[in-house]
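Undergrad: My structure is below; once you've seen it, I'll send some questions.
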Amino acid sequence: MEDGLDFFEKKIRPVLVENCYKCHSAEAEKNGKLEGKLRLDLREGARGRGESGLVAVVPGKPDKSNLYRAVTYLDSELVMPPKSRLSKSVVADFKQWIEMGAPDPRRGTLAKAEANEIDFEQARKFWSFRKPSDPALPTVNDSAWPREDLDYFILSQLEENGLRPAPPADRRTLIRRATYDLTGLPPTVAEIEAFLADKSPNAFSKTVERLLASPHYGEKWGRHWLDVARYADSNGLDENLAYVNAFRYRNYVINSFNEDKPYNRFVQEQIAGDLLPLSKNESDELRHSRLIATGFLSVGAKMLAEDDGRKMEMDIIDEQLDTLGRAFMGMTIGCARCHDHKFDPIPTRDYYSLAGIFKSTHTMDNHKVVAQWHEVELGSADLRAKRELVDKEVKKQKQTIESLKSKSAKSITAQARSVAADYLIGALVKLRKEARIQFTLKELEEQPKEKTEGMLLIEAENFTRGNGLKTFDGYGKGIGVLLSSGPTQVEFDLPIEKAGKYSLHLRYAAADSRPAKLSINNKLINEMATDSVTGTWYPDSQKWFWEGTFQLDAGINVLKFDWATPTPHIDKLLVLPSDQSDLLAADGLAHLHNTFTQQWIGHLKQISKDKKSPLNEWRKYIENPREPIDEKLIENIRSRFAATHERDSLHSLIHDKNGPFKTPKDVEKLFPKTEQKELKQLQKQLSDTEKKHPKVPKAMAVKEGKAEDLKVHLRGDYMTQGELAPRGYLRVVTSKQTTTPSRNASGRAGFAEWLTSNENPLTARVMANRIWLWHFGEGIVRTPDNFGKLGLRPTHPKLLDWLTMRFVDNGWSIKKMHRIIMNSAAYQMSSQHNGQAYAVDPGNKLWWRFNRRRLYAEEVRDSLLFTGGSIDWGMKGQLMTYDPRQYVSQNNHPYFYGSSRTVYLPVIRSGTFDVLQAFDFGDPAVIQGQRSSTVGAAQALFMMNHDLVAKASERLAKRAAKALDFAESANQIYAAILHRKPSAAETRRAVDFAEHALDQAGDDATKAKAQAWKSFAQVLFSSNEFMFLD
Amino acid sequence: MLQKSSTGFGALALAGLLGEEAKAVSPENPLAQRAPHFPAKAKRIIFLFMHGGVSQVDTFDYRPALQRDTGKPYPGKKPRIVSSATGNLIASPYSFKQYGQCGQWASDIFPHIASMSDELCFIKSMYGSNSRHGSALLELHTGSDTFIRPSMGSWLNYGLGFENQNLPGYITFKPTGTHGGMNAWSSAFLPSHFHGTQIGTKATPIDKAKIPFIDKHGKPLAQQRRELDLLAQINQEHLSERGHDDKLEARINSFELAYRMQAAAPEIQNIDNESEATKKLYGLDDPKTRDFGRQCLMARRYSEAGVRFVQCSQGYWDAHGDLKKNHREVAGKVDKPIAGLLTDLKSRGLLDDTLVLWGTEFGRTPVGQGSDGRDHNPHAMTFFLAGAGVRSGIAYGSTDDHGYYSTENRVHFHDLHATILHLFGLDHKRLTYQYAGRDFRLTDIYGEVIHDILT
């Protein structure tokens, strides 16, 4: 023992101090640097389990000691110390020390880990977890200003800060603001004129109603949601596969906004549309839309080529949780994957409770490389009926084919059975031939030359003539083979001393059948020589084959192979003087089908295992290839076969369905020519019918999987699991009414219900804030995707609560929210600068004016197309022409240059359309509650140089150039781009500009004029007045 | 009109919240240069990315035991997670020898680079976390093999601003569109100014590759100037009617910046006035090396002009079979150009404050895949650095006897990222950005600066 402690002090302790204490000691614990909850500075710690659950040091058992496993550096899962392995002698010291029983004098006890439980009651007091109140309207001094209730909240806070709201925007500004806001498009000249002419007090509300009723409303507001849903038409990340069916989710979103689907219903459908109750006679359309809605869970970016399938699965679940947490609740749930959330009351256990719900949901069909996401079929009753009809027809035709096949096969096998004795003889001979070759080869090696007299062994690559190739590498490594790359003819001159019968053997490797026509001395002997398959093209699969027995003359005989294909990879030829069995074999067996002969050979090879075989009496001829076959034997076989009767075992063998006369797999090849032709016709007919199969549309969607609970994954690693986390929801939001998931279901249905319960303080609040943000450019909470501790607090908490209450009261109607907001005085303020207010509140957090904003990427492109007069208004399906799951190419797709509205352009992840990219479209792999709005050189270059701008300018100019005079041309361009009349000075300047440009242009006056106005139009498109909304 | 000023850039709306450190980003001009945390050794970096996975044991990590034990099983344990089945050890098909005063080993496929060994700092113990191209490539570029994160070029420019206000701060030549594509040069949640500017795709001939939208399509310069003058006038009137607005002002300036960039970039890309000797140095006279050579030459020219992060890419090293032919061929495309770049940078004195980084997404297995290939291996790879602030003529770290795992002085991608930021005067723990509820770093919660390789 003394020795042991001495060993520890000398060899072990210094190493531990030097290499391990930094992360595994009291000191480390004090500094918050303790790793894996493992202490190595005390005996109790070293003998303990740490976070991994594996014991670090098991006295006497190095193999069981996790510490030893780590220091050996043999297992890439766990290597310690992390930066450099210890020297081999130190590792040996550890082994010896543990084998000695790990003597360790370091006494002392570990402090019990402090329970770090979250106090949920306390946590629920945080503003966003409190139930929204229904605040009374605040009192204001200027009671004339408010137009809607919400205005009281805005005005009271302004007044508290000694500020006044900006004056109302002029009506031209207002209609431009509202039209872009609700439809993403500029108003038409006619719409502006009508609005300006309407003097009724509700003229603006009428405009709002008109815009809300437009199908373009959903295209704009649906796109807002698609930002939150990180929508895309390709996977992105590592394997950028086409999501050709994602568009159904996109159009579902657009339609949902257009029909003002209640938001709680919208949320439920996206989480659990497949599980919502439906009455039996519900329309296909509704049924399908519910399935399509769950595409929300599927369209995220996934690492589809992760070698670690379990990690991939947990990563995909994490992506779902992270997205839905922020999208619906403004909660960064993803932060609790590896450890309890650092700021919000979300323990790791809650993360895995939710993760269990999605582990029990079938999102992926597999997690292999490359993994497949799940899709469902969306057949209508009509389509299903049509498919059934085709199915029936297919079945019928298949039956016809089958019956023809079986009839012909029967006659072929019956014919073969009638000469069963011949097959046994043929198989016997062939089998013996191939066995004998082994003896012969041995003799060739061992015996002096004279004993092998008359034999010829030829390296195939040493052919006499022909266009074959040879290689000593790769396919012919070490031995040299004959091969070729196309049709091949090869001849061998065989010097024969004595005329007589000789058998020919070839050794080759072949992955496919490559038959040759074999002639001897210009006489065709065998049409199907060298047709066997050995497995691969490589030498290790080479086999010997007997190609037949032939008469050869004394002198030179020419052996000729003629392949219509490349050759098998042939190593050697062997020519042997024939023995007796050859002579027999050569006679009268030409009518045999090789396929059946091979089946017989296969059977003969098996009979040694079967004592009761009716062929037992001939076994010695099989087992000993040198046992001579004589005429008597052949006579014997023939008479025995002729005498079979029904109860005889030989008869049973011949008629056994799995015996040597079983129907071969490719029996069609044995059919007579006419039947083969008929069969071909029928098969063609069948494939034509199959082509009529209606294409059943598919959607990316989820379904219920195997229900199971997860354990907490320590540090997010599935290899180290902790306590069980039964499926459930965020405990901080749990109220009494909510149900817990049943054991047999994933729990999604309950989760969707819990999310949209009026008791849930987050869901309605988060969306009310989003709606405000999408109107005003900033939220009341300016971190729309984060309502947690690190998010910002609401600038107007009461207003947010009030809006939330109205949202819920109004049946979660989003269109009603638009009405409330847009009819307010706050919305209708001017965006005019006010130096005094700016000094107090530069960020406009009090809403002393309306925020001026740059056009969104989609608005830029759509406006160019619209103003140029080339926009295509149709709702689009999938514009990509990729096959499902095909790899997409990087960028500059032709689809980007079509003229449909931008919302319908495919969103290619990791290769977004560069024009949208330049205007802050953002990364479609991550949720985006608020787009950036930058200005920079790339955008300027786009306006200066891009074809989209040039084309729109050109189209506009062509029309304008036809006007009576230059002033009228200028007016038209101003009206089209800026929706107003130019001032006299502006007209003069435009005319000057055009005239100057004309002077510089060539002779063609019409062309020059159009060119000049094109240039001017491009300037107006580039102007801030076009690019910004006041 | 052509004032060379970048002031007046408006308060650009930055997505997300600026973290403590990021408050240094000026709202008036987010591109303005910012002081580092401590004095920097490097001002700019050229990253030579070898796409596909370069085999360490066939290039710079000479393993005599591997040459000796060919055909035998690997004596250690193979990783639990692998991308393909592998067999026994296979010796490198190339011959190795030592180069320079430092005696660095290199195989015969890199004669030019090897001859500069005394200028280089090899790290032979690099390792990553993932065995697939997409994940590994993203981890090398962004620090995460699972999520969308800003790339290192974006972080550097976010931390330090642009050195040249007339050019993008982050350029990537001909990057691969696969294996994550844009996510490798994306600013992700950082403000979009810090997004990498792609010049050409993998398929674009290098002399045709341009900054997006920069081509005037033949419009006469005088006409464009007249348009921009009119535009400025119209925009000024618009602004004065509305009083103060940072963003309107910023946009007015952006057109002048674009105009200058339109002049500056083609000038940099025009290599007519480079001497024949220089062109030859980069291998422009040889069709084999012409493309990557020109990438390297442009990298030097953009670096010289003050572009902070320039990346050149060359694939495809993914030798699952016929490694001998593959590696010799791809190495032949880059060997001379890289040596030329290093020589050129040195002779111009640029190597003093320019960092050159050569690396790949993962190494390859010393055991064979099939008869003559190697599988992906994130557990060991070799990188080299040169220039600003790194020691030259050294090799840091090592692998086990057969080159399967990094074992001595292991350097994870996170450690490399921490070290690069350090060379630029940035503390990787303090360069943060708050997004989605927490402070993000290039190095996540990991990373240690490798002080041993620094001067």
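Residues in the structure tokens are named by chain (A, B, ... in the order shown) and by number from 1 within that chain; ligands are numbered from 1 in the order shown.
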Considering only C-alpha atoms, tabulate each residue of chain A that lies at most 7 Å from chain B along with its nearest interatomic pair and the corresponding distance in Å to one decimal; arrange the rows by chain and ascending residue number and present them as a Markdown table.
TA:
| residue | atom | partner | partner_atom | distance |
| --- | --- | --- | --- | --- |
| A:Leu74 | CA | B:Lys77 | CA | 5.7 |
| A:Asp75 | CA | B:Lys77 | CA | 6.1 |
| A:Ser76 | CA | B:Pro79 | CA | 5.9 |
| A:Lys83 | CA | B:Arg410 | CA | 4.7 |
| A:Ser84 | CA | B:Glu408 | CA | 4.2 |
| A:Arg85 | CA | B:Thr407 | CA | 5.5 |
| A:Gly236 | CA | B:Gly180 | CA | 6.2 |
| A:Leu237 | CA | B:Gly180 | CA | 4.2 |
| A:Asp238 | CA | B:Gly134 | CA | 3.9 |
| A:Glu239 | CA | B:His179 | CA | 6.2 |
| A:Met303 | CA | B:Thr146 | CA | 6.9 |
| A:Ala305 | CA | B:Arg132 | CA | 6.5 |
| A:Glu306 | CA | B:Arg132 | CA | 6.4 |
| A:Asp307 | CA | B:Ser83 | CA | 5.7 |
| A:Asp308 | CA | B:Ile81 | CA | 6.0 |
| A:Thr332 | CA | B:Gly437 | CA | 6.3 |
| A:Asn786 | CA | B:Ala436 | CA | 6.3 |
| A:Leu790 | CA | B:Gly437 | CA | 5.3 |
| A:Gly791 | CA | B:Gly437 | CA | 6.5 |
| A:Gln832 | CA | B:Arg242 | CA | 5.9 |
| A:His833 | CA | B:Gly243 | CA | 5.7 |
| A:Gln890 | CA | B:Gly177 | CA | 5.0 |
| A:Ser910 | CA | B:Met182 | CA | 4.5 |
| A:Gly911 | CA | B:Met182 | CA | 5.9 |
| A:Asp923 | CA | B:Ala188 | CA | 6.5 |
| A:Ser932 | CA | B:Ala15 | CA | 5.1 |
| A:Ser933 | CA | B:Ala13 | CA | 5.8 |
| A:Thr934 | CA | B:Leu12 | CA | 5.7 |
| A:Val935 | CA | B:Arg251 | CA | 5.7 |
| A:Gly936 | CA | B:Ser254 | CA | 5.3 |
| A:Ala937 | CA | B:Ala258 | CA | 4.7 |
| A:Ala940 | CA | B:Phe255 | CA | 5.2 |
| A:Leu941 | CA | B:Phe213 | CA | 5.6 |
| A:Phe942 | CA | B:Phe213 | CA | 5.5 |
| A:Asn945 | CA | B:Lys216 | CA | 5.3 |
| A:His946 | CA | B:Phe213 | CA | 6.1 |
| A:Val1019 | CA | B:Leu231 | CA | 5.6 |
| A:Ser1023 | CA | B:Asn235 | CA | 6.1 |
| A:Asn1024 | CA | B:Asn235 | CA | 6.0 |
| A:Glu1025 | CA | B:His238 | CA | 6.8 |
Undergrad: What would the file look like if the residues just selected were written as a PDB file, in the first residue's frame with C-alpha atoms?
TA:
ATOM      1  CA  LEU A  74      -7.976   5.514 -28.810  1.00  0.00           C
ATOM      2  CA  ASP A  75     -11.629   6.499 -28.935  1.00  0.00           C
ATOM      3  CA  SER A  76     -12.351   9.697 -30.822  1.00  0.00           C
ATOM      4  CA  LYS A  83      -5.401  19.448 -26.622  1.00  0.00           C
ATOM      5  CA  SER A  84      -2.610  16.878 -26.495  1.00  0.00           C
ATOM      6  CA  ARG A  85      -2.410  13.238 -25.541  1.00  0.00           C
ATOM      7  CA  GLY A 236     -30.171  24.740 -48.735  1.00  0.00           C
ATOM      8  CA  LEU A 237     -27.425  23.848 -46.311  1.00  0.00           C
ATOM      9  CA  ASP A 238     -25.401  20.833 -47.331  1.00  0.00           C
ATOM     10  CA  GLU A 239     -27.618  19.063 -49.843  1.00  0.00           C
ATOM     11  CA  MET A 303     -28.418  18.845 -42.799  1.00  0.00           C
ATOM     12  CA  ALA A 305     -26.045  14.375 -45.208  1.00  0.00           C
ATOM     13  CA  GLU A 306     -25.225  14.026 -41.535  1.00  0.00           C
ATOM     14  CA  ASP A 307     -23.472  10.688 -40.976  1.00  0.00           C
ATOM     15  CA  ASP A 308     -24.795  10.575 -37.432  1.00  0.00           C
ATOM     16  CA  THR A 332     -35.915  31.251 -27.821  1.00  0.00           C
ATOM     17  CA  ASN A 786     -37.970  37.593 -28.618  1.00  0.00           C
ATOM     18  CA  LEU A 790     -33.105  39.662 -23.519  1.00  0.00           C
ATOM     19  CA  GLY A 791     -35.821  41.039 -25.740  1.00  0.00           C
ATOM     20  CA  GLN A 832     -42.538  64.878 -41.651  1.00  0.00           C
ATOM     21  CA  HIS A 833     -39.408  65.611 -39.637  1.00  0.00           C
ATOM     22  CA  GLN A 890     -26.768  27.892 -57.272  1.00  0.00           C
ATOM     23  CA  SER A 910     -27.948  29.327 -50.266  1.00  0.00           C
ATOM     24  CA  GLY A 911     -28.484  30.844 -53.702  1.00  0.00           C
ATOM     25  CA  ASP A 923     -31.587  34.436 -45.315  1.00  0.00           C
ATOM     26  CA  SER A 932     -33.329  44.766 -42.285  1.00  0.00           C
ATOM     27  CA  SER A 933     -33.677  47.912 -44.286  1.00  0.00           C
ATOM     28  CA  THR A 934     -30.254  48.988 -45.417  1.00  0.00           C
ATOM     29  CA  VAL A 935     -29.082  51.188 -48.235  1.00  0.00           C
ATOM     30  CA  GLY A 936     -25.776  50.577 -49.895  1.00  0.00           C
ATOM     31  CA  ALA A 937     -23.693  50.457 -53.020  1.00  0.00           C
ATOM     32  CA  ALA A 940     -27.331  51.739 -56.203  1.00  0.00           C
ATOM     33  CA  LEU A 941     -25.477  49.593 -58.736  1.00  0.00           C
ATOM     34  CA  PHE A 942     -28.692  47.664 -59.281  1.00  0.00           C
ATOM     35  CA  ASN A 945     -27.148  48.933 -64.271  1.00  0.00           C
ATOM     36  CA  HIS A 946     -29.710  46.199 -63.907  1.00  0.00           C
ATOM     37  CA  VAL A1019     -33.363  58.524 -62.956  1.00  0.00           C
ATOM     38  CA  SER A1023     -34.982  58.560 -56.882  1.00  0.00           C
ATOM     39  CA  ASN A1024     -35.631  58.454 -53.163  1.00  0.00           C
ATOM     40  CA  GLU A1025     -39.165  59.532 -53.820  1.00  0.00           C
TER      41      GLU A1025
END
Undergrad: Which residues are close to range 845-854 of chain A, i.e. within 6 Å by only C-alpha atoms, leaving aside same-chain residues fewer than 5 positions away? Reply as number ranges by chain.
TA: A: 165-166, 829-831, 1027-1030
Undergrad: Take the residues from that selection and put them in a file with C-alpha atoms, as a PDB file, in the first residue's frame.
TA:
ATOM      1  CA  PRO A 165     -48.248  64.090 -33.089  1.00  0.00           C
ATOM      2  CA  ALA A 166     -47.354  65.066 -36.653  1.00  0.00           C
ATOM      3  CA  MET A 829     -49.848  60.821 -39.541  1.00  0.00           C
ATOM      4  CA  SER A 830     -47.353  62.429 -41.843  1.00  0.00           C
ATOM      5  CA  SER A 831     -43.730  61.273 -41.776  1.00  0.00           C
ATOM      6  CA  MET A1027     -37.783  54.098 -53.253  1.00  0.00           C
ATOM      7  CA  PHE A1028     -39.278  55.421 -50.009  1.00  0.00           C
ATOM      8  CA  LEU A1029     -42.800  55.629 -48.670  1.00  0.00           C
ATOM      9  CA  ASP A1030     -43.595  58.739 -46.674  1.00  0.00           C
TER      10      ASP A1030
END
Undergrad: Give me, as a list in words, all polymer residues having an atom no more than 7 Å from range 304-315 of chain B, counting only C-alpha atoms and skipping those fewer than 6 positions away in the same chain.
TA: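 Close residues of range 304-315 of chain B: Lys43, Arg44, Ile45, Ile46, Phe47, Leu48, Phe49, Met50, His51, Gly52, Gly153, Phe162, Glu163, Asn164, Leu167, Pro168, Gly169, Tyr170, Ile171, Thr172, Phe173, Lys174, Pro175, Gln295 and Cys296 of chain B.
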Undergrad: Quick one: everything within 9 Å of Asp69 in chain B, counting only C-alpha atoms, minus sequence neighbours fewer than 5 positions away in the same chain. Send it as a PyMOL selection string.
TA: chain B and resi 64+74+89-91+402
Undergrad: Let's have the selection written as a compact mmCIF listing (two decimals), in the first residue's frame, with N, CA and C atoms.
TA:
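This went into result_7.txt:
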# COMPACT_ATOMS: atom_id res chain seq x y z
N PRO B 64 5.90 8.02 -41.66
CA PRO B 64 6.69 6.83 -42.06
C PRO B 64 5.99 5.52 -41.70
N TYR B 74 -5.59 -0.72 -39.37
CA TYR B 74 -5.22 0.39 -38.50
C TYR B 74 -5.23 -0.11 -37.06
N LEU B 89 -4.77 0.12 -43.95
CA LEU B 89 -3.90 1.27 -44.23
C LEU B 89 -3.39 1.22 -45.66
N ILE B 90 -3.28 2.38 -46.25
CA ILE B 90 -2.69 2.47 -47.59
C ILE B 90 -1.60 3.52 -47.55
N ALA B 91 -0.42 3.16 -47.99
CA ALA B 91 0.68 4.12 -48.02
C ALA B 91 0.38 5.20 -49.04
N HIS B 402 -0.02 7.01 -37.72
CA HIS B 402 -0.54 6.77 -39.07
C HIS B 402 -1.33 7.95 -39.63
Undergrad: For range 757-772 of chain A, please output as an mmCIF file with N, CA and C atoms, in the first residue's frame all residues within 6 Å (counting only C-alpha atoms; exclusion window: fewer than 3 positions along the same chain).
TA:
data_model
loop_
_atom_site.group_PDB
_atom_site.id
_atom_site.type_symbol
_atom_site.label_atom_id
_atom_site.label_comp_id
_atom_site.auth_asym_id
_atom_site.auth_seq_id
_atom_site.Cartn_x
_atom_site.Cartn_y
_atom_site.Cartn_z
ATOM 1 N N PHE A 129 -45.247 36.995 -19.609
ATOM 2 C CA PHE A 129 -45.951 35.796 -19.137
ATOM 3 C C PHE A 129 -47.239 36.140 -18.393
ATOM 4 N N LYS A 131 -50.979 37.515 -17.992
ATOM 5 C CA LYS A 131 -52.146 37.601 -18.880
ATOM 6 C C LYS A 131 -52.337 39.043 -19.302
ATOM 7 N N PHE A 328 -44.276 31.717 -32.853
ATOM 8 C CA PHE A 328 -45.572 31.814 -32.193
ATOM 9 C C PHE A 328 -45.501 32.464 -30.813
ATOM 10 N N MET A 329 -44.378 32.229 -30.103
ATOM 11 C CA MET A 329 -44.346 32.658 -28.713
ATOM 12 C C MET A 329 -43.281 33.705 -28.410
ATOM 13 N N GLU A 753 -53.506 23.250 -29.277
ATOM 14 C CA GLU A 753 -54.600 23.790 -28.488
ATOM 15 C C GLU A 753 -54.059 24.691 -27.375
ATOM 16 N N TRP A 754 -53.017 24.209 -26.721
ATOM 17 C CA TRP A 754 -52.373 24.957 -25.633
ATOM 18 C C TRP A 754 -51.821 26.294 -26.140
ATOM 19 N N HIS A 775 -47.157 47.148 -40.109
ATOM 20 C CA HIS A 775 -47.748 48.409 -40.546
ATOM 21 C C HIS A 775 -46.815 49.591 -40.326
ATOM 22 N N GLY A 779 -42.020 47.407 -34.092
ATOM 23 C CA GLY A 779 -43.020 46.854 -33.199
ATOM 24 C C GLY A 779 -43.163 47.699 -31.949
ATOM 25 N N THR A 804 -53.952 43.207 -28.056
ATOM 26 C CA THR A 804 -54.044 41.755 -27.883
ATOM 27 C C THR A 804 -55.474 41.357 -27.523
#
Undergrad: Mind listing the helix (DSSP H, G or I) residues of range 125-224 of chain B, per DSSP on the backbone, as an MDAnalysis selection string?
TA: chainID B and resid 133:142 152:160 181:184 192:194 206:208 221:224
Undergrad: In Å, with one decimal, what is the gap from CA of Asn744 in chain A to CA of Lys711 in chain A?
TA: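 Distance between the two atoms: 17.5 Å.
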Undergrad: Enumerate, as a PyMOL selection string, the complete set of residues in range 87-250 of chain A that a backbone-based DSSP assignment places in strand (DSSP E or B).
TA: chain A and resi 168+234+241-242
Undergrad: Okay, now the selection with C-alpha atoms, as an mmCIF file, in the first residue's frame?
TA:
data_model
loop_
_atom_site.group_PDB
_atom_site.id
_atom_site.type_symbol
_atom_site.label_atom_id
_atom_site.label_comp_id
_atom_site.auth_asym_id
_atom_site.auth_seq_id
_atom_site.Cartn_x
_atom_site.Cartn_y
_atom_site.Cartn_z
ATOM 1 C CA PRO A 168 -52.112 64.102 -40.997
ATOM 2 C CA SER A 234 -35.032 24.227 -51.632
ATOM 3 C CA LEU A 241 -32.494 19.541 -52.916
ATOM 4 C CA ALA A 242 -35.560 20.990 -54.597
#
Undergrad: Between CA of Asp207 in chain B and CA of Arg290 in chain B, what is the distance, to one decimal in Å?
TA: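 About the pair CA of Asp207 in chain B and CA of Arg290 in chain B: they are 10.0 Å apart.
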Undergrad: Rounded to one decimal in Å, what is the spacing between CA of Asp709 in chain A and CA of Glu313 in chain A?
TA: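 Separation of CA of Asp709 in chain A and CA of Glu313 in chain A: 14.6 Å.
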Undergrad: When distances are computed from only C-alpha atoms, which of B:Trp155, B:Tyr316, B:Phe96, B:Tyr404 shows the smallest separation from Gln56 in chain B?
TA: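 The answer is B:Tyr404, which sits nearest to Gln56 in chain B.
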Undergrad: Smallest atom-to-atom distance to Phe919 in chain A: which of A:Tyr502, A:Tyr856, A:Tyr895, A:Phe94, using only C-alpha atoms?
TA: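 Once distances to Phe919 in chain A are computed over only C-alpha atoms, the minimum belongs to A:Tyr856.
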Undergrad: Residues near Val55 in chain A, anyone? I mean within 7 Å using only C-alpha atoms, not counting same-chain ones fewer than 4 positions away, as a list in words.
TA: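 The filter keeps Arg47, Gly48, Arg49, Ser65 and Asn66 of chain A.
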Undergrad: Save the residues we just selected, C-alpha atoms, as a PDB file, in the first residue's frame?
TA:
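So the final result, stored in part19.pdb, reads:
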ATOM      1  CA  ARG A  47     -14.366   7.402  -8.186  1.00  0.00           C
ATOM      2  CA  GLY A  48     -17.571   9.220  -9.116  1.00  0.00           C
ATOM      3  CA  ARG A  49     -19.603   9.391 -12.265  1.00  0.00           C
ATOM      4  CA  SER A  65     -12.455   3.365 -16.113  1.00  0.00           C
ATOM      5  CA  ASN A  66     -13.616   6.274 -18.213  1.00  0.00           C
TER       6      ASN A  66
END
